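Written out below as structure tokens is the structure these notes cover.
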Amino acid sequence: MNVKPKVLIVDDRVKNIIVLEEMLADLDIELMRASSGQEAIDKASKHEFAIVLMDVRMPGMDGFETVEIIRKDPLNELLPIIYITAFYNEDYYRVKGIKTGAVDFITKPIIPDILIGKVSVFMKLYKQRKNLEEEIVWRAQIEKDLKKAKDLAEDATRAKQKFLSTMSHEIRTPLNAIINTVNLLKEEEPREDQTESLDILKFSADNLLQIVNDILDYSKIGAGKIEFEKVEFEMRKLLTGVRQSFNFEAKRRKLEMEFNMDKSIPPVVVGDSIRLTQILINLVGNAVKFTEKGSITIEAKPVKRHNSQIDIEFRIIDTGIGIPKDKITFIFESFTQASSSTTRKYGGTGLGLAITQKLVELQGGELKVESEVGKGSIFSFSLPFLVSDKPFVEEDAMQKSSFHSLKGLRVLVVEDNLVNQKIVSKYLSKWEAMIEIAENGRIAVEMVKKNRYDLVLMDLHMPEMSGYEATLKIRTLKEKYYKDLPIIALTASVFLEDREKIFEFGMTGFITKPFNPKELFWTISPFLKKRD
Ligand code: ADP
């Protein structure tokens with residue numbers, strides 16, 4: 001604080017003021033004078049004083065009256081006042097002085113050391129108060145700045161989320177078209193050389209989809225938006241599924257795939273099966289990718305059981321290239337690979353392990369790695385699950401039965417994208433369903449009013465009228481048929497919020513794009529039976 005504290009000396013006799021000024025000359029303060037009560041009141045209303053030294057006996061307005069008036073100004077309510085009086089010992093003065101809020105008395109004749117000592121204490125207090133006031137102002141400003149920054153950050157996160165959701169739709173829609181067209185072409189008995197090109201096309205498209213999904217997942221984790229489901233699932237089925245999805249690749253590369261699940265793991269557990277699959281696919285995928293010869297082993301065993309909770313440890317063991325000791329801590333960082341030649345040789349973005357580690361940690365586990373160059377790597381983690389007493393998960397009819405004809409199923413496909421229309425129609429006609437097409441929500445509502453359908457496949461983002469709005473319109477139509485009509489959303493979004501929105505708008509379910517034909521079939525086939 002640069003400004004000197006001000007001290008006001010009030011006395012009707014200039015001689016007395018001068019004496020006081022001389023006594024206080026060495027203090028780092030600014031001294032001001034007032035020779036009457038009125039002058040003191042005027043000055044107190046204009047300046048901020050650290051302390052007032054007030055003579056009690058003055059002609060006209062005495063010291064007590066003066067202080068009473070000064071105190072009426074809210075800014076001076078707490079102004080420290082020291083009365084200078086020869087009558088301090090008389091009770092009347094003492095009581096009156098205290099009533100008007102004196103902080104101290106100094107009796108005449110004044111002893112310089114006492115005056116200097118008392119004034120110094122008040123100067124210190126004043127400085128401390130000023131510092132505190134400044135700090136409060138500073139903190140309030142910081143708080144304001146922080147709030148502003150927080151609001152801005154929240155806005156930015158919302159904008160990012162919106163951008164990602166839009167981009168996911170925009171990128172996944174054409175990808176959907178590419179992947180499904182490749183699938184269709186592969187079923188049309190291509191020549192051998194064409195099959196090879198189609199495989200490359202499919203590999204690249206799948207890879208691109210994986211990258212888009214990785215980036216979306218990664219930013220979702222960053223925004224703290226990831227949520228975990230609790231569903232019943234069969235652990236053995238999940239693990240065999242993961243293993244099977246690598247069978248082809250392992251066979252092609254002559255790698256042994258071993259699988260070892262401890263018998264004491266309960267057949268059915270409760271947890272997030274989708275995320276567990278994602279974690280395992282990432283780790284087994286890396287193991288396969290980085291192993292030239294030998295084997296990949298997937299192991300699962302219980303490590304702790306407490307009431308209905310069981311911690312299961314998973315180990316993915318490979319005999320691959322291994323990871324150098326000095327690189328091990330880096331591989332979990334985003335966009336990092338053990339060697340700069342990795343992308344060239346093996347592909348990948350370096351995001352897989354960063355996501356996998358977060359997915360494990362967010363569920364209360366820890367991802368560990370042991371590795372030796374040239375010998376192989378072991379990635380392990382344990383996760384908690386709840387034990388279910390069921391011997392197996394009830395399968396719905398759709399999972400049990402195999403592909404069959406959808407003859408007689410009347411489907412309305414609401415989709416603005418021509419390629420997507422074609423792909424969905426091709427599959428549906430292959431399964432002998434009857435198809436009609438609406439290019440947007442508005443046309444769909446009209447068609448639903450005029451015809452009877454068993455099912456509507458509804459794209460969400462369309463010109464003129466969105467899928468959400470069209471569903472709302474259909475659901476508010478009077479007849480029961482409109483309330484019961486199954487409406488399945490076709491969505492490219494991977495965000496949980498968007499999926500919740502689908503149900504909020506009255507849709508029956510959803511299929512994610514790029515859809516795989518099996519998923520499409522199993523999602524819609526139950527509605528064939530419902531009609532009967
Ligand atoms: P990506 O596989 O996309 O490059 P990851 O985050 O999954 O990214 O892996 C990061 C890096 O860790 C890989 O590039 C590789 O160098 C190393 N790595 C991961 N798993 C293994 C493994 N099983 N054996 C050898 N190296 C591995």
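To be explicit about the labels: the chains of the structure tokens are called A, B, and onward in the order shown, and within each one the residues are counted from 1, while ligands get numbers from 1 in the order they are shown.
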Write down as JSON, numbers by chain the residues belonging to segment 190-369 of chain A that are assigned strand (DSSP E or B) by DSSP computed on the backbone.
-> {"A": [231, 232, 233, 234, 255, 256, 257, 258, 259, 260, 261, 268, 269, 270, 271, 294, 295, 296, 297, 298, 299, 300, 301, 302, 303, 304, 305, 306, 309, 310, 311, 312, 313, 314, 315, 316, 317, 318, 368, 369]}
Using only C-alpha atoms, which of the listed residues (A:Val95, A:Met23, A:Val52, A:Ile211) sits closest to Gly37 of chain A?
-> A:Val52
As a PyMOL selection string, please: all residues of segment 17-213 of chain A that backbone DSSP puts in alpha helix (DSSP H).
-> chain A and resi 17-23+37-46+63-72+91-99+112-187+192-213
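Candidate residues A:Glu464, A:Glu333, A:Asp42, A:Asp498 were compared for distance to ligand 1, and the nearest is A:Glu333, using only C-alpha atoms and all ligand atoms.
Each of A:Lys473, A:Lys426, A:Lys263, A:Lys358 was checked against ligand 1 using only C-alpha atoms and all ligand atoms; the smallest atom-to-atom distance is that of A:Lys358.
Distance check against ligand 1 using only C-alpha atoms and all ligand atoms: of A:Gly322, A:Val411, A:Glu446, A:His461, the minimum falls on A:Gly322.
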For Leu255 of chain A: contacts at 9 Å, only C-alpha atoms, fewer than 2 positions along chain excluded, given as a ChimeraX atom specification = /A:249-253,257,288,291-296
Output of the above residues as a JSON list (two decimals), in the first residue's frame, restricted to N, CA and C atoms:
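Here's the written file part22.json:
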[["chain", "number", "residue", "atom", "x", "y", "z"],
["A", 249, "GLU", "N", -8.02, -63.78, -37.85],
["A", 249, "GLU", "CA", -6.73, -63.10, -37.94],
["A", 249, "GLU", "C", -5.61, -63.98, -37.36],
["A", 250, "ALA", "N", -5.90, -64.64, -36.23],
["A", 250, "ALA", "CA", -4.89, -65.48, -35.59],
["A", 250, "ALA", "C", -4.53, -66.66, -36.49],
["A", 251, "LYS", "N", -5.54, -67.25, -37.11],
["A", 251, "LYS", "CA", -5.30, -68.38, -38.00],
["A", 251, "LYS", "C", -4.44, -67.95, -39.18],
["A", 252, "ARG", "N", -4.83, -66.79, -39.72],
["A", 252, "ARG", "CA", -4.11, -66.27, -40.88],
["A", 252, "ARG", "C", -2.62, -66.09, -40.54],
["A", 253, "ARG", "N", -2.36, -65.68, -39.29],
["A", 253, "ARG", "CA", -0.97, -65.41, -38.93],
["A", 253, "ARG", "C", -0.34, -66.58, -38.18],
["A", 257, "MET", "N", -4.42, -69.40, -30.27],
["A", 257, "MET", "CA", -5.25, -68.58, -29.37],
["A", 257, "MET", "C", -5.65, -69.47, -28.22],
["A", 288, "VAL", "N", -2.44, -59.45, -30.77],
["A", 288, "VAL", "CA", -2.39, -60.09, -32.08],
["A", 288, "VAL", "C", -1.52, -59.26, -33.03],
["A", 291, "THR", "N", 2.33, -59.54, -32.34],
["A", 291, "THR", "CA", 2.94, -60.86, -32.20],
["A", 291, "THR", "C", 3.10, -61.50, -33.58],
["A", 292, "GLU", "N", 4.33, -61.85, -33.88],
["A", 292, "GLU", "CA", 4.59, -62.46, -35.20],
["A", 292, "GLU", "C", 4.45, -63.97, -35.14],
["A", 293, "LYS", "N", 4.95, -64.55, -34.04],
["A", 293, "LYS", "CA", 4.75, -66.00, -33.91],
["A", 293, "LYS", "C", 4.58, -66.37, -32.45],
["A", 294, "GLY", "N", 3.92, -67.54, -32.23],
["A", 294, "GLY", "CA", 3.70, -67.98, -30.87],
["A", 294, "GLY", "C", 2.22, -67.98, -30.54],
["A", 295, "SER", "N", 1.87, -67.43, -29.38],
["A", 295, "SER", "CA", 0.48, -67.56, -28.96],
["A", 295, "SER", "C", -0.03, -66.32, -28.22],
["A", 296, "ILE", "N", -1.34, -66.25, -28.18],
["A", 296, "ILE", "CA", -2.03, -65.22, -27.39],
["A", 296, "ILE", "C", -2.91, -65.99, -26.40]]
Sort by chain and increasing residue number a table of all residues of segment 174-249 of chain A within 12 Å of segment 379-385 of chain A, each with its closest pair of atoms and their distance in Å to one decimal, counting only C-alpha atoms, and write it as CSV.
residue,atom,partner,partner_atom,distance
A:Glu229,CA,A:Phe385,CA,11.5
A:Lys230,CA,A:Phe385,CA,9.0
A:Val231,CA,A:Phe385,CA,10.1
A:Glu232,CA,A:Phe385,CA,9.8
A:Phe233,CA,A:Phe385,CA,10.5
A:Glu234,CA,A:Phe385,CA,11.7
A:Met235,CA,A:Phe385,CA,10.4
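Residues in contact range of segment 68-76 of chain A, defined as at most 7 Å between only C-alpha atoms, with sequence neighbours fewer than 5 positions away removed, read Ile41, Ala44 and Thr100 of chain A.
Considering the residues A:Thr512, A:Ser245, A:Gln421, A:Asn440 and counting only C-alpha atoms, Ala492 of chain A has its shortest atom-to-atom contact with A:Thr512.
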Hey, can you check how far atom CA of Lys4 of chain A sits from atom CA of Phe64 of chain A?
-> 27.0 Å
Counting only C-alpha atoms, closest pick from A:Leu115, A:Ile110, A:Ala470, A:Val419 relative to Arg442 of chain A is A:Ala470
Nearby residues (only C-alpha atoms) at most 9 Å from segment 368-377 of chain A, same-chain spacing under 4 positions excluded, as a ChimeraX atom specification | /A:287,290-291,316-325,328,357,381
Residues just named, written with all heavy atoms as a compact mmCIF listing (two decimals), in the first residue's frame:
# COMPACT_ATOMS: atom_id res chain seq x y z
N ALA A 287 -2.29 -57.45 -28.82
CA ALA A 287 -1.48 -58.66 -28.67
C ALA A 287 -1.32 -59.34 -30.04
O ALA A 287 -0.22 -59.73 -30.43
CB ALA A 287 -2.13 -59.61 -27.67
N PHE A 290 0.90 -57.16 -32.41
CA PHE A 290 2.34 -57.08 -32.13
C PHE A 290 3.00 -58.44 -31.92
O PHE A 290 4.06 -58.53 -31.31
CB PHE A 290 2.59 -56.16 -30.93
CG PHE A 290 2.19 -54.73 -31.21
CD1 PHE A 290 1.07 -54.16 -30.61
CD2 PHE A 290 2.92 -53.96 -32.11
CE1 PHE A 290 0.70 -52.86 -30.89
CE2 PHE A 290 2.55 -52.65 -32.39
CZ PHE A 290 1.44 -52.10 -31.78
N THR A 291 2.33 -59.54 -32.34
CA THR A 291 2.94 -60.86 -32.20
C THR A 291 3.10 -61.50 -33.58
O THR A 291 2.14 -61.63 -34.32
CB THR A 291 2.06 -61.76 -31.29
OG1 THR A 291 1.87 -61.08 -30.06
CG2 THR A 291 2.71 -63.10 -31.03
N ILE A 316 -3.96 -60.78 -20.53
CA ILE A 316 -3.80 -61.04 -21.96
C ILE A 316 -2.30 -61.19 -22.19
O ILE A 316 -1.53 -60.25 -22.00
CB ILE A 316 -4.38 -59.90 -22.83
CG1 ILE A 316 -5.91 -59.91 -22.74
CG2 ILE A 316 -4.04 -60.06 -24.30
CD1 ILE A 316 -6.49 -59.19 -21.63
N ILE A 317 -1.93 -62.42 -22.53
CA ILE A 317 -0.50 -62.75 -22.59
C ILE A 317 -0.11 -63.00 -24.05
O ILE A 317 -0.79 -63.76 -24.74
CB ILE A 317 -0.23 -64.03 -21.77
CG1 ILE A 317 -0.76 -63.81 -20.34
CG2 ILE A 317 1.26 -64.38 -21.77
CD1 ILE A 317 -1.00 -65.08 -19.58
N ASP A 318 0.95 -62.34 -24.51
CA ASP A 318 1.39 -62.63 -25.88
C ASP A 318 2.88 -62.97 -25.91
O ASP A 318 3.60 -62.73 -24.94
CB ASP A 318 1.05 -61.46 -26.82
CG ASP A 318 1.87 -60.22 -26.56
OD1 ASP A 318 3.10 -60.31 -26.52
OD2 ASP A 318 1.25 -59.13 -26.38
N THR A 319 3.30 -63.55 -27.01
CA THR A 319 4.72 -63.88 -27.18
C THR A 319 5.30 -63.01 -28.28
O THR A 319 6.06 -63.47 -29.12
CB THR A 319 4.88 -65.37 -27.55
OG1 THR A 319 4.11 -65.61 -28.74
CG2 THR A 319 4.39 -66.29 -26.46
N GLY A 320 4.91 -61.74 -28.26
CA GLY A 320 5.24 -60.83 -29.37
C GLY A 320 6.52 -60.05 -29.17
O GLY A 320 7.43 -60.47 -28.44
N ILE A 321 6.56 -58.86 -29.81
CA ILE A 321 7.81 -58.10 -29.86
C ILE A 321 8.19 -57.47 -28.51
O ILE A 321 9.32 -57.11 -28.30
CB ILE A 321 7.74 -56.97 -30.93
CG1 ILE A 321 6.58 -56.01 -30.65
CG2 ILE A 321 7.62 -57.55 -32.33
CD1 ILE A 321 6.60 -54.77 -31.52
N GLY A 322 7.22 -57.33 -27.60
CA GLY A 322 7.51 -56.74 -26.29
C GLY A 322 7.70 -55.24 -26.37
O GLY A 322 7.71 -54.65 -27.46
N ILE A 323 7.84 -54.63 -25.19
CA ILE A 323 7.95 -53.17 -25.15
C ILE A 323 9.21 -52.82 -24.35
O ILE A 323 9.39 -53.33 -23.23
CB ILE A 323 6.71 -52.55 -24.46
CG1 ILE A 323 5.43 -53.03 -25.17
CG2 ILE A 323 6.77 -51.03 -24.49
CD1 ILE A 323 4.20 -52.94 -24.29
N PRO A 324 10.08 -51.97 -24.88
CA PRO A 324 11.28 -51.59 -24.12
C PRO A 324 10.90 -50.94 -22.79
O PRO A 324 9.91 -50.20 -22.73
CB PRO A 324 11.97 -50.57 -25.04
CG PRO A 324 11.34 -50.72 -26.37
CD PRO A 324 10.00 -51.31 -26.17
N LYS A 325 11.72 -51.19 -21.75
CA LYS A 325 11.43 -50.70 -20.38
C LYS A 325 11.18 -49.19 -20.36
O LYS A 325 10.25 -48.71 -19.72
CB LYS A 325 12.60 -51.01 -19.45
CG LYS A 325 12.75 -52.45 -19.08
CD LYS A 325 12.59 -52.66 -17.58
CE LYS A 325 12.25 -54.08 -17.16
NZ LYS A 325 11.86 -55.06 -18.12
N ILE A 328 7.62 -48.13 -21.54
CA ILE A 328 6.39 -48.67 -20.94
C ILE A 328 5.46 -47.59 -20.37
O ILE A 328 4.25 -47.64 -20.57
CB ILE A 328 6.74 -49.73 -19.86
CG1 ILE A 328 7.04 -51.02 -20.60
CG2 ILE A 328 5.62 -49.92 -18.85
CD1 ILE A 328 6.90 -52.27 -19.83
N GLN A 357 -7.05 -47.78 -20.59
CA GLN A 357 -6.65 -47.50 -19.21
C GLN A 357 -7.73 -46.69 -18.49
O GLN A 357 -8.09 -46.99 -17.36
CB GLN A 357 -5.33 -46.72 -19.21
CG GLN A 357 -4.78 -46.53 -17.81
CD GLN A 357 -3.56 -45.63 -17.82
OE1 GLN A 357 -3.49 -44.67 -18.58
NE2 GLN A 357 -2.60 -45.95 -16.99
N PHE A 381 -5.61 -56.56 -15.71
CA PHE A 381 -6.43 -55.62 -14.94
C PHE A 381 -7.48 -56.43 -14.20
O PHE A 381 -7.81 -57.54 -14.60
CB PHE A 381 -7.11 -54.59 -15.87
CG PHE A 381 -8.05 -55.20 -16.86
CD1 PHE A 381 -9.42 -55.27 -16.61
CD2 PHE A 381 -7.57 -55.72 -18.06
CE1 PHE A 381 -10.28 -55.83 -17.53
CE2 PHE A 381 -8.43 -56.29 -18.98
CZ PHE A 381 -9.79 -56.36 -18.73
Give me the residues within 10 Å of Tyr218 of chain A as a PyMOL selection string, counting only C-alpha atoms and dropping any in the same chain fewer than 5 places off.
-> chain A and resi 212-213+223-224+226+334+351-352+354-356+358-359
Export, as a short mmCIF file (atom, residue, chain, number, x, y, z; two decimals), in the first residue's frame, the selected residues with N, CA, C and O atoms.
data_model
loop_
_atom_site.label_atom_id
_atom_site.label_comp_id
_atom_site.auth_asym_id
_atom_site.auth_seq_id
_atom_site.Cartn_x
_atom_site.Cartn_y
_atom_site.Cartn_z
N VAL A 212 -12.58 -43.23 -35.74
CA VAL A 212 -13.63 -42.25 -35.41
C VAL A 212 -14.21 -42.57 -34.03
O VAL A 212 -14.35 -41.69 -33.18
N ASN A 213 -14.48 -43.84 -33.81
CA ASN A 213 -15.04 -44.25 -32.51
C ASN A 213 -14.06 -43.97 -31.38
O ASN A 213 -14.46 -43.51 -30.31
N ALA A 223 -14.42 -35.28 -21.38
CA ALA A 223 -15.50 -34.39 -20.92
C ALA A 223 -16.22 -35.00 -19.71
O ALA A 223 -17.20 -34.45 -19.23
N GLY A 224 -15.73 -36.13 -19.20
CA GLY A 224 -16.35 -36.78 -18.04
C GLY A 224 -17.74 -37.29 -18.35
O GLY A 224 -18.58 -37.41 -17.47
N ILE A 226 -18.63 -40.21 -19.66
CA ILE A 226 -18.80 -41.63 -19.87
C ILE A 226 -19.62 -42.24 -18.73
O ILE A 226 -19.43 -41.86 -17.57
N SER A 334 -1.96 -40.62 -24.60
CA SER A 334 -2.68 -40.58 -25.86
C SER A 334 -1.75 -40.26 -27.03
O SER A 334 -0.78 -39.52 -26.87
N LEU A 351 -4.21 -44.33 -29.48
CA LEU A 351 -5.27 -43.92 -28.54
C LEU A 351 -5.81 -45.11 -27.76
O LEU A 351 -6.36 -44.96 -26.67
N GLY A 352 -5.66 -46.31 -28.32
CA GLY A 352 -6.27 -47.51 -27.76
C GLY A 352 -5.98 -47.71 -26.28
O GLY A 352 -6.89 -47.86 -25.47
N ALA A 354 -4.71 -45.55 -24.12
CA ALA A 354 -5.14 -44.41 -23.30
C ALA A 354 -6.61 -44.59 -22.93
O ALA A 354 -7.01 -44.41 -21.77
N ILE A 355 -7.42 -45.00 -23.90
CA ILE A 355 -8.85 -45.21 -23.65
C ILE A 355 -9.05 -46.42 -22.74
O ILE A 355 -9.78 -46.36 -21.74
N THR A 356 -8.36 -47.51 -23.08
CA THR A 356 -8.50 -48.74 -22.28
C THR A 356 -8.16 -48.47 -20.82
O THR A 356 -8.90 -48.87 -19.92
N LYS A 358 -8.26 -45.67 -19.15
CA LYS A 358 -9.30 -44.85 -18.53
C LYS A 358 -10.55 -45.69 -18.24
O LYS A 358 -11.16 -45.55 -17.18
N LEU A 359 -10.93 -46.54 -19.20
CA LEU A 359 -12.13 -47.36 -19.00
C LEU A 359 -11.96 -48.29 -17.81
O LEU A 359 -12.91 -48.56 -17.07
#
Find the residues near Ile179 of chain A: any atom within 8 Å, counting only C-alpha atoms, skip ones fewer than 3 places away on the same chain, and give them as a PyMOL selection string.
-> chain A and resi 175-176+182-183+202+205-206+514
For those residues, write N, CA, C and O atoms to a file as a compact mmCIF listing (two decimals), in the first residue's frame.
# COMPACT_ATOMS: atom_id res chain seq x y z
N LEU A 175 -19.66 -43.61 -43.91
CA LEU A 175 -18.92 -44.83 -43.60
C LEU A 175 -19.85 -46.03 -43.59
O LEU A 175 -19.52 -47.11 -44.06
N ASN A 176 -21.02 -45.81 -43.02
CA ASN A 176 -22.07 -46.81 -43.00
C ASN A 176 -22.34 -47.30 -44.42
O ASN A 176 -22.39 -48.49 -44.71
N VAL A 182 -19.82 -52.64 -49.24
CA VAL A 182 -18.79 -53.68 -49.35
C VAL A 182 -19.39 -55.03 -48.94
O VAL A 182 -19.21 -56.04 -49.63
N ASN A 183 -20.12 -55.03 -47.82
CA ASN A 183 -20.74 -56.28 -47.38
C ASN A 183 -21.64 -56.87 -48.46
O ASN A 183 -21.63 -58.06 -48.72
N LYS A 202 -12.73 -53.08 -47.06
CA LYS A 202 -13.45 -53.32 -45.81
C LYS A 202 -12.52 -53.09 -44.62
O LYS A 202 -12.90 -52.46 -43.64
N ALA A 205 -12.06 -49.36 -44.19
CA ALA A 205 -13.27 -48.69 -43.70
C ALA A 205 -13.51 -49.03 -42.23
O ALA A 205 -13.83 -48.16 -41.42
N ASP A 206 -13.31 -50.32 -41.88
CA ASP A 206 -13.47 -50.72 -40.48
C ASP A 206 -12.47 -49.98 -39.60
O ASP A 206 -12.79 -49.53 -38.50
N PRO A 514 -22.80 -47.26 -38.62
CA PRO A 514 -23.14 -48.20 -39.67
C PRO A 514 -23.68 -49.48 -39.05
O PRO A 514 -23.00 -50.10 -38.22
